[in-house]
Amino acid sequence: MSENFNLEIISPDQILLNTAVKQVTIPAYEGLMTILKDHIALITFLRPGFIDVEQENKIEKFYVEEGTVEFFNNKLLILTSTTIKLEKLTKENIVKMIDETKVLLENPEINDKEKYIISHKLETLQQIS
Amino acid sequence: MPSLDDLRKRIVSVKSTQKITKAMKMVAAAKLRKAQENAERGRPYSEKMQNIILNLTDSISDPQNAPKLLIGTGRDQTHLCVVMTSDRGLCGGFNSNICRLAKKYFEKILKEEKNLKIITVGSKGHDQLKREYGKYIIKKLSFKNKKKISFVEANEVGKTILDLFDKNEFDKCILFFNNFKNVMTQIPEAQQIIPTEVKKNSKKNEEIFYEFEPDEDEILEDLLPKNISIQVFKAFLENSASEQGSRMTAMDSATRNAGDLVNKLTINYNRSRQAVITKELIEIISGAESL
């Protein structure tokens, strides 16, 4: 019995990934979540963070800002409009994004939920740089 | 009988029209490939999203208190129709097909004495609808100056719709667009997006118990508005592929028609030229005979 299950990462304009994987760690809304084979059926959201995809012999990392996750029948489906492979993020991009996020965070009109998400985004971005 | 000179001018003009339509066909063919790819790549996302929402709907614990976007306002009085057309013409029946379908629907609504509100996306649809249904059009969106429609624009349309819904401006929202089947066939389609239309899958009988994090209501509240934008985006993609396909076919037949016309005119031209020569010969011969 293989320990693998199927992972699909889909954005509105393309299928980013569709392969068999061993384990996936996603930044779910209420905390990190690692999914292995035969996980219970699940629907959840993503907050900004990293998706760690572990295949047989390599690990891939994606940066993600939001998304929806469904796990069912050993198929993991991640729908997101803002995913990018970590290696493809350049230093300048990150610095720019950090600055933008900081400005957003200082806006007094945002509510707690938005604040929670934005601060996670900032934290994640700072981790990369 | 047109003179020889007229005929020659006519042939030249038809030939240059043919050149233009041929060039447009080439451009449309090139663009079509890209648009078609985009549309096909965009399909899984919207389909899977619909699926998730379907599953969520099935397992909702308290259907009475479900978000309004899902179950509707409970009334069926005001219909908002979003008619999505292209910004450019010369694409065969593309825009007229959408408008025809939309008009049919409008008539039905008005007959039932319900309120009608229209949002047009794309300037061609607005041009076609404004004369008859101008007073119902509440908003006109156009992305003429954008080279490529991205998710951002779709989001803008989605936001407009949601804002109106929050203000209780309508009870039902229907999207009109062309579904791209292949280059020759584009099917105009009306899709209801608010309240979310739940198409029951007959083959899916098994009950799935999902774990939700956070709970169902919160997920639905976040997912439904997103779904609106996604459906709009899907419509955009399908539309742009259809537009190019439709233009390609239209321009192809225009080129062929121009070719036929040139052939016919050339035959006409040669005949009249021959007639003129014959006439001159007769004149010369009969002149020589009379001497």
# chains A, B, ... in the order shown; residues from 1 in each chain; ligands from 1
>>> select_by_dssp(residues="chain A", states="strand (DSSP E)", output="ChimeraX atom specification")
/A:5-11,14-21,23-28,31-35,42-46,49-54,59-64,67-72,75-79,83-85
>>> residues_around(residues="Lys88 in chain A", least_positions_apart="6", cutoff="12 Å", atoms="only C-alpha atoms", output="list in words")
Glu60, Lys61, Phe62, Tyr63, Ile94 and Ile128 of chain A
>>> write_last_selection(atoms="C-alpha atoms", output="mmCIF file, in the first residue's frame")
data_model
loop_
_atom_site.group_PDB
_atom_site.id
_atom_site.type_symbol
_atom_site.label_atom_id
_atom_site.label_comp_id
_atom_site.auth_asym_id
_atom_site.auth_seq_id
_atom_site.Cartn_x
_atom_site.Cartn_y
_atom_site.Cartn_z
ATOM 1 C CA GLU A 60 8.205 21.928 -2.452
ATOM 2 C CA LYS A 61 7.124 25.143 -0.813
ATOM 3 C CA PHE A 62 4.404 27.497 -1.979
ATOM 4 C CA TYR A 63 3.512 30.895 -0.673
ATOM 5 C CA ILE A 94 8.895 40.543 -0.977
ATOM 6 C CA ILE A 128 10.976 34.564 3.818
#
>>> interface_residues(of="chain A", to="chain B", cutoff="6 Å", atoms="only C-alpha atoms", output="list in words")
Pro12, Asp13, Gln14, Ala41, Leu42, Ile43 and Thr44 of chain A
>>> residues_around(residues="Val82 in chain B", least_positions_apart="3", cutoff="10 Å", atoms="only C-alpha atoms", output="PyMOL selection string")
chain B and resi 79+85+102+117-121+137+139-140+157+161+173-177+190-192+232
>>> residues_around(residues="range 73-84 of chain A", least_positions_apart="4", cutoff="6 Å", atoms="only C-alpha atoms", output="ChimeraX atom specification")
/A:5-11,38,62-65,67-69
>>> residues_around(residues="Thr78 in chain B", least_positions_apart="4", cutoff="6 Å", atoms="only C-alpha atoms", output="list in words")
Lys114, Asn115, Leu116, Phe170 and Asp171 of chain B
>>> residues_around(residues="Val183 in chain B", least_positions_apart="6", cutoff="12 Å", atoms="only C-alpha atoms", output="PyMOL selection string")
chain B and resi 28-29+32-33+35-36+94+238+240-250+252
>>> write_last_selection(atoms="N, CA and C atoms", output="PDB file, in the first residue's frame")
ATOM      1  N   ALA B  28      -7.813  36.804 -35.223  1.00  0.00           N
ATOM      2  CA  ALA B  28      -8.769  36.129 -34.340  1.00  0.00           C
ATOM      3  C   ALA B  28      -8.331  34.702 -34.066  1.00  0.00           C
ATOM      4  N   ALA B  29      -7.790  34.046 -35.095  1.00  0.00           N
ATOM      5  CA  ALA B  29      -7.363  32.658 -34.910  1.00  0.00           C
ATOM      6  C   ALA B  29      -6.239  32.581 -33.891  1.00  0.00           C
ATOM      7  N   LEU B  32      -7.678  33.355 -30.544  1.00  0.00           N
ATOM      8  CA  LEU B  32      -8.592  32.293 -30.106  1.00  0.00           C
ATOM      9  C   LEU B  32      -7.850  31.192 -29.367  1.00  0.00           C
ATOM     10  N   ARG B  33      -6.692  30.821 -29.896  1.00  0.00           N
ATOM     11  CA  ARG B  33      -5.967  29.725 -29.277  1.00  0.00           C
ATOM     12  C   ARG B  33      -5.665  30.036 -27.817  1.00  0.00           C
ATOM     13  N   ALA B  35      -7.197  32.341 -25.915  1.00  0.00           N
ATOM     14  CA  ALA B  35      -8.424  32.482 -25.124  1.00  0.00           C
ATOM     15  C   ALA B  35      -9.012  31.121 -24.787  1.00  0.00           C
ATOM     16  N   GLN B  36      -8.914  30.217 -25.753  1.00  0.00           N
ATOM     17  CA  GLN B  36      -9.470  28.885 -25.538  1.00  0.00           C
ATOM     18  C   GLN B  36      -8.701  28.167 -24.433  1.00  0.00           C
ATOM     19  N   PHE B  94     -22.321  36.823 -32.366  1.00  0.00           N
ATOM     20  CA  PHE B  94     -21.932  36.676 -30.960  1.00  0.00           C
ATOM     21  C   PHE B  94     -22.763  37.542 -30.011  1.00  0.00           C
ATOM     22  N   GLU B 238     -15.112  32.376 -20.858  1.00  0.00           N
ATOM     23  CA  GLU B 238     -15.891  31.696 -21.889  1.00  0.00           C
ATOM     24  C   GLU B 238     -16.256  32.683 -22.986  1.00  0.00           C
ATOM     25  N   SER B 240     -14.696  35.463 -23.874  1.00  0.00           N
ATOM     26  CA  SER B 240     -13.626  35.944 -24.740  1.00  0.00           C
ATOM     27  C   SER B 240     -13.232  34.850 -25.729  1.00  0.00           C
ATOM     28  N   ALA B 241     -13.277  33.604 -25.300  1.00  0.00           N
ATOM     29  CA  ALA B 241     -12.997  32.527 -26.253  1.00  0.00           C
ATOM     30  C   ALA B 241     -14.083  32.488 -27.324  1.00  0.00           C
ATOM     31  N   SER B 242     -15.333  32.625 -26.895  1.00  0.00           N
ATOM     32  CA  SER B 242     -16.440  32.597 -27.855  1.00  0.00           C
ATOM     33  C   SER B 242     -16.332  33.746 -28.841  1.00  0.00           C
ATOM     34  N   GLU B 243     -15.959  34.915 -28.312  1.00  0.00           N
ATOM     35  CA  GLU B 243     -15.885  36.093 -29.179  1.00  0.00           C
ATOM     36  C   GLU B 243     -14.885  35.850 -30.305  1.00  0.00           C
ATOM     37  N   GLN B 244     -13.714  35.362 -29.939  1.00  0.00           N
ATOM     38  CA  GLN B 244     -12.688  35.144 -30.956  1.00  0.00           C
ATOM     39  C   GLN B 244     -13.112  34.045 -31.934  1.00  0.00           C
ATOM     40  N   GLY B 245     -13.722  32.992 -31.398  1.00  0.00           N
ATOM     41  CA  GLY B 245     -14.162  31.914 -32.273  1.00  0.00           C
ATOM     42  C   GLY B 245     -15.211  32.401 -33.245  1.00  0.00           C
ATOM     43  N   SER B 246     -16.146  33.175 -32.707  1.00  0.00           N
ATOM     44  CA  SER B 246     -17.232  33.699 -33.519  1.00  0.00           C
ATOM     45  C   SER B 246     -16.687  34.639 -34.592  1.00  0.00           C
ATOM     46  N   ARG B 247     -15.728  35.468 -34.186  1.00  0.00           N
ATOM     47  CA  ARG B 247     -15.151  36.404 -35.151  1.00  0.00           C
ATOM     48  C   ARG B 247     -14.410  35.642 -36.237  1.00  0.00           C
ATOM     49  N   MET B 248     -13.708  34.619 -35.835  1.00  0.00           N
ATOM     50  CA  MET B 248     -12.946  33.860 -36.817  1.00  0.00           C
ATOM     51  C   MET B 248     -13.862  33.260 -37.882  1.00  0.00           C
ATOM     52  N   THR B 249     -14.945  32.622 -37.411  1.00  0.00           N
ATOM     53  CA  THR B 249     -15.876  32.017 -38.375  1.00  0.00           C
ATOM     54  C   THR B 249     -16.508  33.085 -39.253  1.00  0.00           C
ATOM     55  N   ALA B 250     -16.896  34.194 -38.632  1.00  0.00           N
ATOM     56  CA  ALA B 250     -17.550  35.259 -39.392  1.00  0.00           C
ATOM     57  C   ALA B 250     -16.603  35.809 -40.455  1.00  0.00           C
ATOM     58  N   ASP B 252     -14.023  34.367 -41.714  1.00  0.00           N
ATOM     59  CA  ASP B 252     -13.723  33.334 -42.702  1.00  0.00           C
ATOM     60  C   ASP B 252     -14.778  33.337 -43.797  1.00  0.00           C
TER      61      ASP B 252
END
>>> closest_residue(among="A:Leu16, A:Ile118, A:Leu36, A:Leu125", to="Gln55 in chain A", atoms="only C-alpha atoms")
A:Leu36
>>> select_by_dssp(residues="chain A", states="alpha helix (DSSP H)", output="ChimeraX atom specification")
/A:91-106,112-128
>>> residues_around(residues="Lys146 in chain B", least_positions_apart="5", cutoff="12 Å", atoms="only C-alpha atoms", output="number ranges by chain")
B: 87, 122, 152-153
>>> closest_residue(among="B:Gly93, B:Val276, B:Ala254, B:Lys124", to="Met184 in chain B", atoms="only C-alpha atoms")
B:Gly93
